[in-house]
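**Student:** Next up, final30.txt (compact mmCIF, N, CA and C atoms).
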```
# COMPACT_ATOMS: atom_id res chain seq x y z
N MET A 1149 0.83 -1.19 0.00
CA MET A 1149 0.00 0.00 0.00
C MET A 1149 0.87 1.25 0.00
N THR A 1150 2.01 1.17 0.66
CA THR A 1150 2.93 2.31 0.69
C THR A 1150 3.47 2.60 -0.71
N ALA A 1151 3.86 1.55 -1.42
CA ALA A 1151 4.38 1.73 -2.77
C ALA A 1151 3.31 2.33 -3.68
N ARG A 1152 2.07 1.88 -3.53
CA ARG A 1152 0.99 2.42 -4.35
C ARG A 1152 0.81 3.91 -4.08
N THR A 1153 0.86 4.29 -2.82
CA THR A 1153 0.70 5.69 -2.45
C THR A 1153 1.85 6.53 -2.97
N ILE A 1154 3.07 6.03 -2.85
CA ILE A 1154 4.25 6.77 -3.32
C ILE A 1154 4.18 6.98 -4.83
N VAL A 1155 3.85 5.93 -5.58
CA VAL A 1155 3.75 6.06 -7.03
C VAL A 1155 2.65 7.04 -7.41
N LEU A 1156 1.52 6.98 -6.73
CA LEU A 1156 0.42 7.89 -7.03
C LEU A 1156 0.82 9.35 -6.76
N VAL A 1157 1.51 9.59 -5.66
CA VAL A 1157 1.96 10.95 -5.34
C VAL A 1157 2.96 11.45 -6.38
N ILE A 1158 3.88 10.60 -6.78
CA ILE A 1158 4.87 10.98 -7.79
C ILE A 1158 4.18 11.30 -9.11
N LEU A 1159 3.23 10.47 -9.50
CA LEU A 1159 2.50 10.72 -10.75
C LEU A 1159 1.73 12.04 -10.69
N ILE A 1160 1.12 12.32 -9.57
CA ILE A 1160 0.36 13.57 -9.43
C ILE A 1160 1.31 14.77 -9.49
N ILE A 1161 2.46 14.67 -8.82
CA ILE A 1161 3.43 15.77 -8.83
C ILE A 1161 3.91 16.04 -10.26
N PHE A 1162 4.27 14.98 -10.99
CA PHE A 1162 4.74 15.17 -12.36
C PHE A 1162 3.62 15.69 -13.27
N ALA A 1163 2.39 15.25 -13.05
CA ALA A 1163 1.28 15.75 -13.86
C ALA A 1163 1.07 17.24 -13.63
N VAL A 1164 1.11 17.67 -12.38
CA VAL A 1164 0.94 19.09 -12.07
C VAL A 1164 2.09 19.90 -12.66
N LEU A 1165 3.32 19.41 -12.51
CA LEU A 1165 4.47 20.11 -13.08
C LEU A 1165 4.36 20.21 -14.60
N SER A 1166 3.88 19.15 -15.23
CA SER A 1166 3.72 19.17 -16.68
C SER A 1166 2.66 20.17 -17.10
N LEU A 1167 1.56 20.24 -16.35
CA LEU A 1167 0.54 21.24 -16.65
C LEU A 1167 1.06 22.66 -16.49
N ILE A 1168 1.81 22.91 -15.43
CA ILE A 1168 2.38 24.23 -15.19
C ILE A 1168 3.36 24.59 -16.31
N LEU A 1169 4.18 23.61 -16.69
CA LEU A 1169 5.13 23.84 -17.77
C LEU A 1169 4.39 24.16 -19.08
N GLY A 1170 3.32 23.43 -19.36
CA GLY A 1170 2.53 23.69 -20.56
C GLY A 1170 1.93 25.08 -20.56
N ILE A 1171 1.42 25.52 -19.42
CA ILE A 1171 0.83 26.86 -19.31
C ILE A 1171 1.91 27.93 -19.51
N VAL A 1172 3.06 27.75 -18.86
CA VAL A 1172 4.15 28.71 -19.00
C VAL A 1172 4.61 28.77 -20.45
N LEU A 1173 4.75 27.63 -21.09
CA LEU A 1173 5.19 27.60 -22.48
C LEU A 1173 4.15 28.24 -23.40
N ALA A 1174 2.87 28.08 -23.08
CA ALA A 1174 1.81 28.70 -23.88
C ALA A 1174 1.87 30.22 -23.76
N VAL A 1175 2.14 30.70 -22.55
CA VAL A 1175 2.22 32.14 -22.33
C VAL A 1175 3.44 32.71 -23.05
N VAL A 1176 4.55 32.01 -22.98
CA VAL A 1176 5.79 32.47 -23.62
C VAL A 1176 5.68 32.37 -25.14
N GLY A 1177 4.94 31.39 -25.61
CA GLY A 1177 4.73 31.25 -27.04
C GLY A 1177 5.50 30.13 -27.70
N HIS A 1178 6.03 29.22 -26.94
CA HIS A 1178 6.74 28.06 -27.49
C HIS A 1178 5.72 26.94 -27.77
N TRP A 1179 5.02 27.07 -28.89
CA TRP A 1179 3.95 26.11 -29.19
C TRP A 1179 4.48 24.71 -29.45
N ALA A 1180 5.64 24.59 -29.99
CA ALA A 1180 6.19 23.26 -30.26
C ALA A 1180 6.48 22.52 -28.96
N LEU A 1181 6.92 23.26 -27.94
CA LEU A 1181 7.22 22.63 -26.66
C LEU A 1181 5.96 22.26 -25.88
N ILE A 1182 4.85 22.91 -26.21
CA ILE A 1182 3.58 22.56 -25.55
C ILE A 1182 3.20 21.13 -25.87
N PHE A 1183 3.46 20.72 -27.10
CA PHE A 1183 3.16 19.34 -27.48
C PHE A 1183 4.01 18.35 -26.69
N ILE A 1184 5.20 18.75 -26.36
CA ILE A 1184 6.06 17.89 -25.53
C ILE A 1184 5.44 17.76 -24.13
N ALA A 1185 4.94 18.85 -23.58
CA ALA A 1185 4.29 18.80 -22.26
C ALA A 1185 3.04 17.94 -22.32
N LEU A 1186 2.26 18.06 -23.39
CA LEU A 1186 1.06 17.22 -23.53
C LEU A 1186 1.44 15.75 -23.70
N PHE A 1187 2.52 15.51 -24.46
CA PHE A 1187 3.01 14.15 -24.60
C PHE A 1187 3.43 13.58 -23.25
N PHE A 1188 4.06 14.41 -22.42
CA PHE A 1188 4.47 13.99 -21.09
C PHE A 1188 3.25 13.62 -20.24
N LEU A 1189 2.17 14.40 -20.36
CA LEU A 1189 0.93 14.05 -19.64
C LEU A 1189 0.38 12.71 -20.12
N LEU A 1190 0.39 12.49 -21.42
CA LEU A 1190 -0.06 11.21 -21.97
C LEU A 1190 0.81 10.08 -21.46
N LEU A 1191 2.11 10.32 -21.41
CA LEU A 1191 3.04 9.31 -20.90
C LEU A 1191 2.77 9.00 -19.42
N LEU A 1192 2.47 10.02 -18.63
CA LEU A 1192 2.13 9.80 -17.23
C LEU A 1192 0.86 8.98 -17.09
N TRP A 1193 -0.13 9.27 -17.93
CA TRP A 1193 -1.38 8.51 -17.89
C TRP A 1193 -1.12 7.05 -18.24
N LEU A 1194 -0.30 6.81 -19.26
CA LEU A 1194 0.04 5.44 -19.62
C LEU A 1194 0.80 4.73 -18.50
N LEU A 1195 1.68 5.46 -17.83
CA LEU A 1195 2.40 4.89 -16.70
C LEU A 1195 1.43 4.51 -15.58
N TRP A 1196 0.45 5.35 -15.34
CA TRP A 1196 -0.56 5.05 -14.32
C TRP A 1196 -1.36 3.80 -14.69
N VAL A 1197 -1.73 3.66 -15.95
CA VAL A 1197 -2.47 2.49 -16.41
C VAL A 1197 -1.62 1.23 -16.25
N VAL A 1198 -0.36 1.30 -16.68
CA VAL A 1198 0.53 0.15 -16.55
C VAL A 1198 0.72 -0.22 -15.08
N TRP A 1199 0.86 0.78 -14.22
CA TRP A 1199 1.02 0.52 -12.78
C TRP A 1199 -0.20 -0.22 -12.23
N ASN A 1200 -1.40 0.22 -12.60
CA ASN A 1200 -2.62 -0.44 -12.10
C ASN A 1200 -2.76 -1.86 -12.65
N VAL A 1201 -2.40 -2.07 -13.90
CA VAL A 1201 -2.45 -3.42 -14.47
C VAL A 1201 -1.44 -4.31 -13.77
N LEU A 1202 -0.23 -3.81 -13.54
CA LEU A 1202 0.79 -4.58 -12.84
C LEU A 1202 0.34 -4.92 -11.42
N LEU A 1203 -0.26 -3.94 -10.75
CA LEU A 1203 -0.74 -4.17 -9.39
C LEU A 1203 -1.83 -5.23 -9.37
N SER A 1204 -2.74 -5.18 -10.32
CA SER A 1204 -3.80 -6.20 -10.42
C SER A 1204 -3.20 -7.57 -10.69
N PHE A 1205 -2.22 -7.62 -11.58
CA PHE A 1205 -1.56 -8.88 -11.89
C PHE A 1205 -0.89 -9.46 -10.66
N LEU A 1206 -0.18 -8.62 -9.91
CA LEU A 1206 0.51 -9.10 -8.70
C LEU A 1206 -0.49 -9.58 -7.65
N CYS A 1207 -1.62 -8.91 -7.54
CA CYS A 1207 -2.65 -9.36 -6.59
C CYS A 1207 -3.19 -10.73 -7.00
N ASP A 1208 -3.41 -10.92 -8.31
CA ASP A 1208 -3.88 -12.22 -8.79
C ASP A 1208 -2.86 -13.31 -8.52
N VAL A 1209 -1.59 -13.02 -8.76
CA VAL A 1209 -0.53 -14.01 -8.51
C VAL A 1209 -0.50 -14.36 -7.02
N LYS A 1210 -0.62 -13.35 -6.17
CA LYS A 1210 -0.59 -13.59 -4.72
C LYS A 1210 -1.80 -14.44 -4.30
N LEU A 1211 -2.98 -14.14 -4.86
CA LEU A 1211 -4.17 -14.94 -4.53
C LEU A 1211 -3.98 -16.40 -4.94
N ILE A 1212 -3.45 -16.61 -6.14
CA ILE A 1212 -3.22 -17.98 -6.61
C ILE A 1212 -2.18 -18.68 -5.76
N ARG A 1213 -1.10 -17.99 -5.43
CA ARG A 1213 -0.04 -18.57 -4.59
C ARG A 1213 -0.59 -18.96 -3.23
N ASN A 1214 -1.36 -18.07 -2.62
CA ASN A 1214 -1.92 -18.37 -1.30
C ASN A 1214 -2.87 -19.55 -1.37
N LYS A 1215 -3.64 -19.65 -2.45
CA LYS A 1215 -4.56 -20.78 -2.59
C LYS A 1215 -3.78 -22.08 -2.74
N LEU A 1216 -2.69 -22.07 -3.50
CA LEU A 1216 -1.89 -23.27 -3.70
C LEU A 1216 -1.25 -23.76 -2.40
N TYR A 1217 -0.82 -22.83 -1.57
CA TYR A 1217 -0.13 -23.19 -0.34
C TYR A 1217 -1.03 -23.13 0.88
N ASP A 1218 -2.33 -23.04 0.67
CA ASP A 1218 -3.32 -22.99 1.76
C ASP A 1218 -2.99 -21.93 2.80
N GLU A 1219 -2.62 -20.75 2.31
CA GLU A 1219 -2.34 -19.63 3.20
C GLU A 1219 -3.53 -18.68 3.21
N SER A 1220 -3.59 -17.88 4.23
CA SER A 1220 -4.69 -16.93 4.38
C SER A 1220 -4.53 -15.75 3.44
N ASN A 1221 -5.65 -15.27 2.92
CA ASN A 1221 -5.66 -14.09 2.07
C ASN A 1221 -6.15 -12.86 2.80
N ASP A 1222 -6.15 -12.88 4.12
CA ASP A 1222 -6.71 -11.77 4.88
C ASP A 1222 -6.01 -10.45 4.59
N ALA A 1223 -4.68 -10.45 4.61
CA ALA A 1223 -3.95 -9.21 4.37
C ALA A 1223 -4.19 -8.70 2.95
N LEU A 1224 -4.23 -9.62 2.00
CA LEU A 1224 -4.47 -9.23 0.61
C LEU A 1224 -5.90 -8.72 0.43
N ASN A 1225 -6.85 -9.33 1.12
CA ASN A 1225 -8.24 -8.86 1.04
C ASN A 1225 -8.38 -7.45 1.60
N VAL A 1226 -7.65 -7.16 2.67
CA VAL A 1226 -7.66 -5.80 3.22
C VAL A 1226 -7.09 -4.83 2.20
N PHE A 1227 -6.00 -5.23 1.54
CA PHE A 1227 -5.38 -4.38 0.51
C PHE A 1227 -6.35 -4.14 -0.64
N ILE A 1228 -7.00 -5.18 -1.12
CA ILE A 1228 -7.93 -5.05 -2.23
C ILE A 1228 -9.13 -4.20 -1.84
N LYS A 1229 -9.66 -4.41 -0.63
CA LYS A 1229 -10.79 -3.60 -0.19
C LYS A 1229 -10.40 -2.13 -0.04
N SER A 1230 -9.18 -1.88 0.46
CA SER A 1230 -8.75 -0.49 0.60
C SER A 1230 -8.59 0.16 -0.77
N LYS A 1231 -8.13 -0.60 -1.74
CA LYS A 1231 -8.00 -0.07 -3.10
C LYS A 1231 -9.38 0.23 -3.68
N GLU A 1232 -10.33 -0.66 -3.44
CA GLU A 1232 -11.68 -0.44 -3.95
C GLU A 1232 -12.32 0.77 -3.28
N LYS A 1233 -12.07 0.94 -1.99
CA LYS A 1233 -12.64 2.08 -1.28
C LYS A 1233 -12.04 3.39 -1.78
N LEU A 1234 -10.74 3.37 -2.12
CA LEU A 1234 -10.11 4.58 -2.64
C LEU A 1234 -10.67 4.96 -4.01
N GLU A 1235 -11.09 3.97 -4.76
CA GLU A 1235 -11.58 4.22 -6.11
C GLU A 1235 -13.03 4.69 -6.13
N LYS A 1236 -13.74 4.55 -5.04
CA LYS A 1236 -15.13 5.01 -5.01
C LYS A 1236 -15.16 6.53 -5.03
N SER A 1237 -16.20 7.05 -5.61
CA SER A 1237 -16.33 8.51 -5.69
C SER A 1237 -16.72 9.08 -4.33
N ARG A 1238 -16.63 10.38 -4.24
CA ARG A 1238 -16.94 11.08 -2.98
C ARG A 1238 -18.40 10.87 -2.60
N SER A 1239 -19.29 10.71 -3.59
CA SER A 1239 -20.70 10.52 -3.28
C SER A 1239 -20.95 9.19 -2.57
N ASP A 1240 -20.07 8.23 -2.78
CA ASP A 1240 -20.21 6.94 -2.12
C ASP A 1240 -19.53 6.90 -0.76
N TYR A 1241 -18.89 8.00 -0.38
CA TYR A 1241 -18.13 8.03 0.86
C TYR A 1241 -19.01 7.72 2.07
N VAL A 1242 -20.16 8.36 2.16
CA VAL A 1242 -21.04 8.16 3.31
C VAL A 1242 -21.53 6.72 3.35
N ASP A 1243 -21.93 6.19 2.20
CA ASP A 1243 -22.40 4.80 2.16
C ASP A 1243 -21.30 3.84 2.58
N THR A 1244 -20.07 4.09 2.11
CA THR A 1244 -18.95 3.23 2.47
C THR A 1244 -18.68 3.29 3.97
N GLN A 1245 -18.71 4.48 4.52
CA GLN A 1245 -18.47 4.62 5.96
C GLN A 1245 -19.57 3.97 6.78
N LEU A 1246 -20.81 4.09 6.32
CA LEU A 1246 -21.92 3.45 7.03
C LEU A 1246 -21.79 1.93 6.97
N GLU A 1247 -21.37 1.41 5.82
CA GLU A 1247 -21.14 -0.04 5.71
C GLU A 1247 -20.02 -0.47 6.66
N TYR A 1248 -18.97 0.33 6.72
CA TYR A 1248 -17.85 0.03 7.61
C TYR A 1248 -18.30 0.04 9.06
N LEU A 1249 -19.10 1.04 9.43
CA LEU A 1249 -19.62 1.09 10.80
C LEU A 1249 -20.49 -0.12 11.11
N GLN A 1250 -21.30 -0.53 10.12
CA GLN A 1250 -22.15 -1.70 10.32
C GLN A 1250 -21.30 -2.96 10.50
N GLU A 1251 -20.21 -3.07 9.73
CA GLU A 1251 -19.30 -4.21 9.89
C GLU A 1251 -18.69 -4.21 11.29
N LEU A 1252 -18.29 -3.03 11.77
CA LEU A 1252 -17.73 -2.94 13.12
C LEU A 1252 -18.75 -3.33 14.17
N LEU A 1253 -19.99 -2.92 13.96
CA LEU A 1253 -21.06 -3.26 14.89
C LEU A 1253 -21.34 -4.76 14.86
N ASP A 1254 -21.39 -5.33 13.67
CA ASP A 1254 -21.64 -6.77 13.54
C ASP A 1254 -20.53 -7.60 14.16
N ALA A 1255 -19.29 -7.10 14.05
CA ALA A 1255 -18.15 -7.81 14.63
C ALA A 1255 -17.99 -7.50 16.12
N GLU A 1256 -18.90 -6.69 16.66
CA GLU A 1256 -18.91 -6.31 18.07
C GLU A 1256 -17.64 -5.57 18.47
N VAL A 1257 -17.08 -4.81 17.54
CA VAL A 1257 -15.92 -3.98 17.84
C VAL A 1257 -16.38 -2.70 18.52
N ILE A 1258 -17.54 -2.20 18.10
CA ILE A 1258 -18.12 -1.01 18.72
C ILE A 1258 -19.50 -1.36 19.26
N THR A 1259 -19.96 -0.55 20.20
CA THR A 1259 -21.28 -0.77 20.78
C THR A 1259 -22.34 -0.09 19.93
N VAL A 1260 -23.60 -0.37 20.24
CA VAL A 1260 -24.71 0.23 19.51
C VAL A 1260 -24.71 1.74 19.70
N GLU A 1261 -24.38 2.18 20.91
CA GLU A 1261 -24.35 3.62 21.18
C GLU A 1261 -23.27 4.31 20.36
N GLU A 1262 -22.07 3.69 20.30
CA GLU A 1262 -20.99 4.25 19.49
C GLU A 1262 -21.38 4.28 18.01
N TYR A 1263 -22.06 3.22 17.56
CA TYR A 1263 -22.51 3.15 16.17
C TYR A 1263 -23.46 4.30 15.87
N LYS A 1264 -24.44 4.51 16.73
CA LYS A 1264 -25.42 5.58 16.52
C LYS A 1264 -24.75 6.95 16.54
N GLN A 1265 -23.81 7.14 17.47
CA GLN A 1265 -23.12 8.42 17.58
C GLN A 1265 -22.28 8.71 16.33
N ARG A 1266 -21.51 7.72 15.89
CA ARG A 1266 -20.66 7.91 14.71
C ARG A 1266 -21.51 8.09 13.45
N LYS A 1267 -22.63 7.37 13.38
CA LYS A 1267 -23.52 7.51 12.23
C LYS A 1267 -24.10 8.92 12.18
N ARG A 1268 -24.52 9.41 13.33
CA ARG A 1268 -25.08 10.76 13.41
C ARG A 1268 -24.02 11.79 13.01
N GLU A 1269 -22.78 11.63 13.51
CA GLU A 1269 -21.69 12.55 13.17
C GLU A 1269 -21.38 12.52 11.67
N LEU A 1270 -21.39 11.33 11.11
CA LEU A 1270 -21.10 11.19 9.69
C LEU A 1270 -22.15 11.86 8.82
N ILE A 1271 -23.40 11.68 9.18
CA ILE A 1271 -24.49 12.29 8.41
C ILE A 1271 -24.47 13.80 8.57
N GLU A 1272 -24.22 14.29 9.77
CA GLU A 1272 -24.16 15.74 9.98
C GLU A 1272 -22.97 16.35 9.24
N GLU A 1273 -21.87 15.62 9.19
CA GLU A 1273 -20.65 16.10 8.55
C GLU A 1273 -20.85 16.26 7.04
N ASN A 1274 -21.63 15.37 6.45
CA ASN A 1274 -21.80 15.40 5.00
C ASN A 1274 -23.18 15.84 4.63
```
For the structure just supplied, provide its representation as structure tokens.
**Tutor:**
Amino acid sequence: MTARTIVLVILIIFAVLSLILGIVLAVVGHWALIFIALFFLLLLWLLWVVWNVLLSFLCDVKLIRNKLYDESNDALNVFIKSKEKLEKSRSDYVDTQLEYLQELLDAEVITVEEYKQRKRELIEEN
């Protein structure tokens, strides 16, 4: 998860720098160099796609390996769920948090009172 976060941050930083460079070059009037900045953005997007495909491939390999050796997939399931939660849009945030609170309540990690309080805070917050 740390590697995924680091790569995502690096990609965002380079994308922002490329956009700033493109704007500066447009203001200065170097139109030929603007295409290089746009190409760099396209290259960053392709790198992001390749990274996600590679990550999916590695998750599949890990799942198959764990199944072959009768090992638990708990840590990998947490990783996959966290990735899925990150990919949900902001509109799904409240629903995701409510589902998470319900899971905590069902697992008896929190009490009914804590569940109601956190649910109320979440709804008021959004």
**Student:** What's the separation between CA of Arg1266 (chain A) and CA of Val1242 (chain A), in Å to one decimal place?
**Tutor:** 11.4 Å
**Student:** Work out how far atom C of Trp1196 (chain A) is from CA of Ser1166 (chain A), in Å to one decimal.
**Tutor:**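 These two atoms are separated by 16.3 Å.
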**Student:** How far is it from atom C of Gly1170 (chain A) to atom N of Ile1182 (chain A), in Å with one decimal?
**Tutor:**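 Computing the Euclidean distance for atom C of Gly1170 (chain A) and atom N of Ile1182 (chain A) yields 6.7 Å.
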**Student:** I need the alpha helix (DSSP H) residues of chain A per DSSP on the backbone, written as a PyMOL selection string.
**Tutor:** chain A and resi 1150-1176+1179-1216+1222-1235+1241-1254+1260-1273
**Student:** Ranking A:Glu1219, A:Leu1159, A:Asp1208, A:Gln1250 by minimum distance to Leu1191 (chain A) and counting only C-alpha atoms, which one comes first?
**Tutor:**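 Under the stated criterion, the closest residue is A:Leu1159.
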**Student:** Near Lys1264 (chain A), counting only C-alpha atoms, which residues have an atom at most 12 Å away, once you skip same-chain residues fewer than 3 positions from it, shown as a list of chain:residue names?
**Tutor:**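 My reading of the contact set: A:Leu1246, A:Leu1249, A:Gln1250, A:Leu1252, A:Leu1253, A:Ile1258, A:Thr1259, A:Val1260, A:Glu1261, A:Lys1267, A:Arg1268, A:Glu1269, A:Leu1270, A:Ile1271.
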**Student:** For Leu1189 (chain A), which residue out of A:Leu1216, A:Leu1165, A:Ile1154, A:Val1209 is the nearest one, using only C-alpha atoms?
**Tutor:** A:Leu1165
**Student:** Identify which of the residues A:Val1172, A:Leu1206, A:Ala1163, A:Ile1212 lies closest to Phe1188 (chain A), counting only C-alpha atoms when measuring atom-to-atom distances.
**Tutor:**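 With only C-alpha atoms as the atom set, the closest residue is A:Ala1163.
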